[in-house]
Amino acid sequence: MGDAGLFKFEKEQKVFNIAGVNIGGQPGEYPTALIGSIFYSRHKIVSDKVKGDFDKKQAEALINKVEELSEKTGNPYILDVVGETPEALIKYIEFVADVTKCPFLIDGVTPQIRMPAVKHAVEIGLTERAIYNSIDFHVSDEEINFLKDCHMQNAVLMAFNPKKPWADGRVDVLRGGSGQKGLLKAAEEAGVQNVLVDTAVLDMPSIAICSKAIQLVKSEFGLPAGCGPANAVTTWKRVKKGEFGPSAYEVCSGGSGILTQMMGADFVMYGPIELSEAAFIACAMADALVAYAARKLGIVTKTRNHPLYKIF
């Protein structure tokens, strides 16, 4: 299926265009979409997590930095907008939609937080840019019907299987079976057109498992897949404390994304938006090298706005 560690999947690979960002395809065709989190739990720019009060100047500066890095590297960006209450999440979404044109994830720990924000986003005309995060193995008929009624076009499928945490278990939860509705079926019933499969990193060891799962998902379904390896790096206490040097945290955050890219990741969730600099240059380098080597496999880069043409 590959040459020198690179892959050309036999399965036809789907590419979804979400608000101008192409996600999916064969490794080397499109640059990896990079997703950074903003307004996340204990984010210093947030002064009231319940009401959603925050420092707008700092938030805009962080987003502007990401946009600048995206322009320099060719890697598209998506914002993971996290809220701890519906009120806060709605406020954050309105701000993000006003200061940037990028797609964004509507992210909250429960459907009860996410659903009011989805409804609001649809009502104010943000359907094409909004990505529901996420449909998981807890999905209910209520949640499915709500997404269908809202005509939600885009969603992340959280491919975590608590009964089978290895890579093949993450594929199983997409298929479903044994009385459990598969996530692909749930997304179909919800009317979701563009699905992004998150192979669900939980801790440092699971980064390798999730990377393998990306390969399996793309091999079987041809769907865009990725994960959030940097979320695990944020819990690596010895690195965060500086035991391995002052740059170790940023290096490991960026490097964790590269590992997933070498297994075919179409998107990388690089964690806190403050880590954008490390993520963009590391992942852009990997994209450029993969795209160059992929030529031998007959894969042609489908956009000039790609790290292959922009970073060297």
# chains A, B, ... in the order shown; residues from 1 in each chain; ligands from 1

$ select_by_dssp --residues "region 62-165 of chain A" --states "strand (DSSP E)" --output "MDAnalysis selection string"
chainID A and resid 77:82 104:107 130:135 154:158

$ select_by_dssp --residues "region 101-236 of chain A" --states "alpha helix (DSSP H)" --output "ChimeraX atom specification"
/A:111-123,141-149,167-175,183-189,206-221,229-233

$ write_last_selection --atoms "C-alpha atoms" --output "mmCIF file, in the first residue's frame"
data_model
loop_
_atom_site.group_PDB
_atom_site.id
_atom_site.type_symbol
_atom_site.label_atom_id
_atom_site.label_comp_id
_atom_site.auth_asym_id
_atom_site.auth_seq_id
_atom_site.Cartn_x
_atom_site.Cartn_y
_atom_site.Cartn_z
ATOM 1 C CA PRO A 111 -25.102 17.623 23.986
ATOM 2 C CA GLN A 112 -27.026 19.913 26.367
ATOM 3 C CA ILE A 113 -24.244 22.474 25.993
ATOM 4 C CA ARG A 114 -23.719 21.966 22.274
ATOM 5 C CA MET A 115 -27.274 21.816 20.969
ATOM 6 C CA PRO A 116 -28.414 25.362 21.890
ATOM 7 C CA ALA A 117 -25.224 26.691 20.299
ATOM 8 C CA VAL A 118 -25.862 24.672 17.141
ATOM 9 C CA LYS A 119 -29.392 26.019 16.909
ATOM 10 C CA HIS A 120 -28.115 29.580 17.285
ATOM 11 C CA ALA A 121 -25.346 29.094 14.728
ATOM 12 C CA VAL A 122 -27.850 27.803 12.190
ATOM 13 C CA GLU A 123 -30.268 30.651 12.886
ATOM 14 C CA ASP A 141 -32.139 9.509 19.166
ATOM 15 C CA GLU A 142 -32.871 12.966 20.576
ATOM 16 C CA GLU A 143 -29.442 14.218 19.514
ATOM 17 C CA ILE A 144 -29.733 12.590 16.076
ATOM 18 C CA ASN A 145 -33.179 14.085 15.465
ATOM 19 C CA PHE A 146 -32.016 17.485 16.650
ATOM 20 C CA LEU A 147 -29.104 17.523 14.193
ATOM 21 C CA LYS A 148 -31.432 16.413 11.407
ATOM 22 C CA ASP A 149 -33.959 19.137 12.202
ATOM 23 C CA ALA A 167 -7.138 0.580 16.863
ATOM 24 C CA ASP A 168 -9.555 -1.993 15.441
ATOM 25 C CA GLY A 169 -12.037 -1.153 18.204
ATOM 26 C CA ARG A 170 -12.190 2.405 16.949
ATOM 27 C CA VAL A 171 -13.198 1.083 13.547
ATOM 28 C CA ASP A 172 -15.787 -1.216 15.147
ATOM 29 C CA VAL A 173 -17.574 1.705 16.812
ATOM 30 C CA LEU A 174 -17.978 3.313 13.398
ATOM 31 C CA ARG A 175 -19.523 0.141 11.980
ATOM 32 C CA LEU A 183 -21.483 6.181 14.391
ATOM 33 C CA LEU A 184 -21.655 6.178 10.590
ATOM 34 C CA LYS A 185 -25.290 5.097 10.755
ATOM 35 C CA ALA A 186 -26.017 7.752 13.376
ATOM 36 C CA ALA A 187 -24.453 10.441 11.182
ATOM 37 C CA GLU A 188 -26.464 9.222 8.189
ATOM 38 C CA GLU A 189 -29.709 9.353 10.157
ATOM 39 C CA SER A 206 -2.896 6.007 22.791
ATOM 40 C CA ILE A 207 -1.290 8.383 20.270
ATOM 41 C CA ALA A 208 0.266 5.415 18.472
ATOM 42 C CA ILE A 209 -2.994 3.437 18.656
ATOM 43 C CA CYS A 210 -4.977 6.351 17.260
ATOM 44 C CA SER A 211 -2.460 6.902 14.476
ATOM 45 C CA LYS A 212 -2.874 3.289 13.395
ATOM 46 C CA ALA A 213 -6.643 3.726 13.617
ATOM 47 C CA ILE A 214 -6.423 6.651 11.169
ATOM 48 C CA GLN A 215 -4.833 4.315 8.644
ATOM 49 C CA LEU A 216 -7.539 1.690 9.214
ATOM 50 C CA VAL A 217 -10.379 4.228 8.888
ATOM 51 C CA LYS A 218 -9.067 5.612 5.620
ATOM 52 C CA SER A 219 -8.349 2.117 4.295
ATOM 53 C CA GLU A 220 -11.866 0.813 4.966
ATOM 54 C CA PHE A 221 -14.101 3.854 4.580
ATOM 55 C CA PRO A 229 -2.330 14.015 19.980
ATOM 56 C CA ALA A 230 -1.334 17.288 21.617
ATOM 57 C CA ASN A 231 -4.152 16.883 24.135
ATOM 58 C CA ALA A 232 -2.183 13.997 25.607
ATOM 59 C CA VAL A 233 1.071 15.957 25.538
#

$ residues_around --residues "region 91-97 of chain A" --least-positions-apart "5" --cutoff "12 Å" --atoms "only C-alpha atoms" --output "MDAnalysis selection string"
chainID A and resid 19 37:40 45:46 48:57 59:64 78:86 102:108 114 116:131

$ residues_around --residues "Asn154 (chain A)" --least-positions-apart "5" --cutoff "7 Å" --atoms "only C-alpha atoms" --output "list in words"
Ala130, Ile131, Tyr132, Val192, Gln193, Asn194 and Val195 of chain A

$ write_last_selection --atoms "C-alpha atoms" --output "tab-separated table (two decimals), in the first residue's frame"
chain	number	residue	atom	x	y	z
A	130	ALA	CA	-20.09	25.02	11.83
A	131	ILE	CA	-18.84	21.51	12.66
A	132	TYR	CA	-20.61	19.59	15.41
A	192	VAL	CA	-24.73	14.88	8.18
A	193	GLN	CA	-23.03	15.18	4.80
A	194	ASN	CA	-19.41	15.79	5.81
A	195	VAL	CA	-17.97	13.57	8.54

$ closest_residue --among "A:Phe137, A:Tyr77, A:Trp236, A:Phe267" --to "Thr32 (chain A)" --atoms "only C-alpha atoms"
A:Phe267

$ residues_around --residues "Glu29 (chain A)" --least-positions-apart "5" --cutoff "8 Å" --atoms "only C-alpha atoms" --output "list in words"
Ala291, Ile299, Val300, Thr301, Lys302 and Thr303 of chain A

$ write_last_selection --atoms "N, CA and C atoms" --output "short mmCIF file (atom, residue, chain, number, x, y, z; two decimals), in the first residue's frame"
data_model
loop_
_atom_site.label_atom_id
_atom_site.label_comp_id
_atom_site.auth_asym_id
_atom_site.auth_seq_id
_atom_site.Cartn_x
_atom_site.Cartn_y
_atom_site.Cartn_z
N ALA A 291 4.25 15.13 0.42
CA ALA A 291 3.78 15.48 -0.92
C ALA A 291 4.87 15.26 -1.97
N ILE A 299 0.76 10.32 -6.92
CA ILE A 299 -0.14 11.27 -6.26
C ILE A 299 0.30 12.70 -6.58
N VAL A 300 -0.63 13.48 -7.09
CA VAL A 300 -0.34 14.86 -7.47
C VAL A 300 -0.96 15.82 -6.46
N THR A 301 -0.18 16.77 -5.99
CA THR A 301 -0.70 17.79 -5.09
C THR A 301 -1.74 18.62 -5.82
N LYS A 302 -2.91 18.80 -5.22
CA LYS A 302 -4.04 19.40 -5.92
C LYS A 302 -4.25 20.88 -5.64
N THR A 303 -3.30 21.50 -4.97
CA THR A 303 -3.39 22.93 -4.73
C THR A 303 -1.98 23.51 -4.65
#

$ atom_distance --atom1 "CA of Ala33 (chain A)" --atom2 "CA of Met263 (chain A)"
14.8 Å

$ atom_distance --atom1 "CA of Thr235 (chain A)" --atom2 "CA of Val268 (chain A)"
17.4 Å

$ closest_residue --among "A:Lys8, A:Gly36, A:Glu68, A:Val109" --to "Ser253 (chain A)" --atoms "only C-alpha atoms"
A:Gly36

$ atom_distance --atom1 "CA of Gly20 (chain A)" --atom2 "CA of Ala294 (chain A)"
23.9 Å
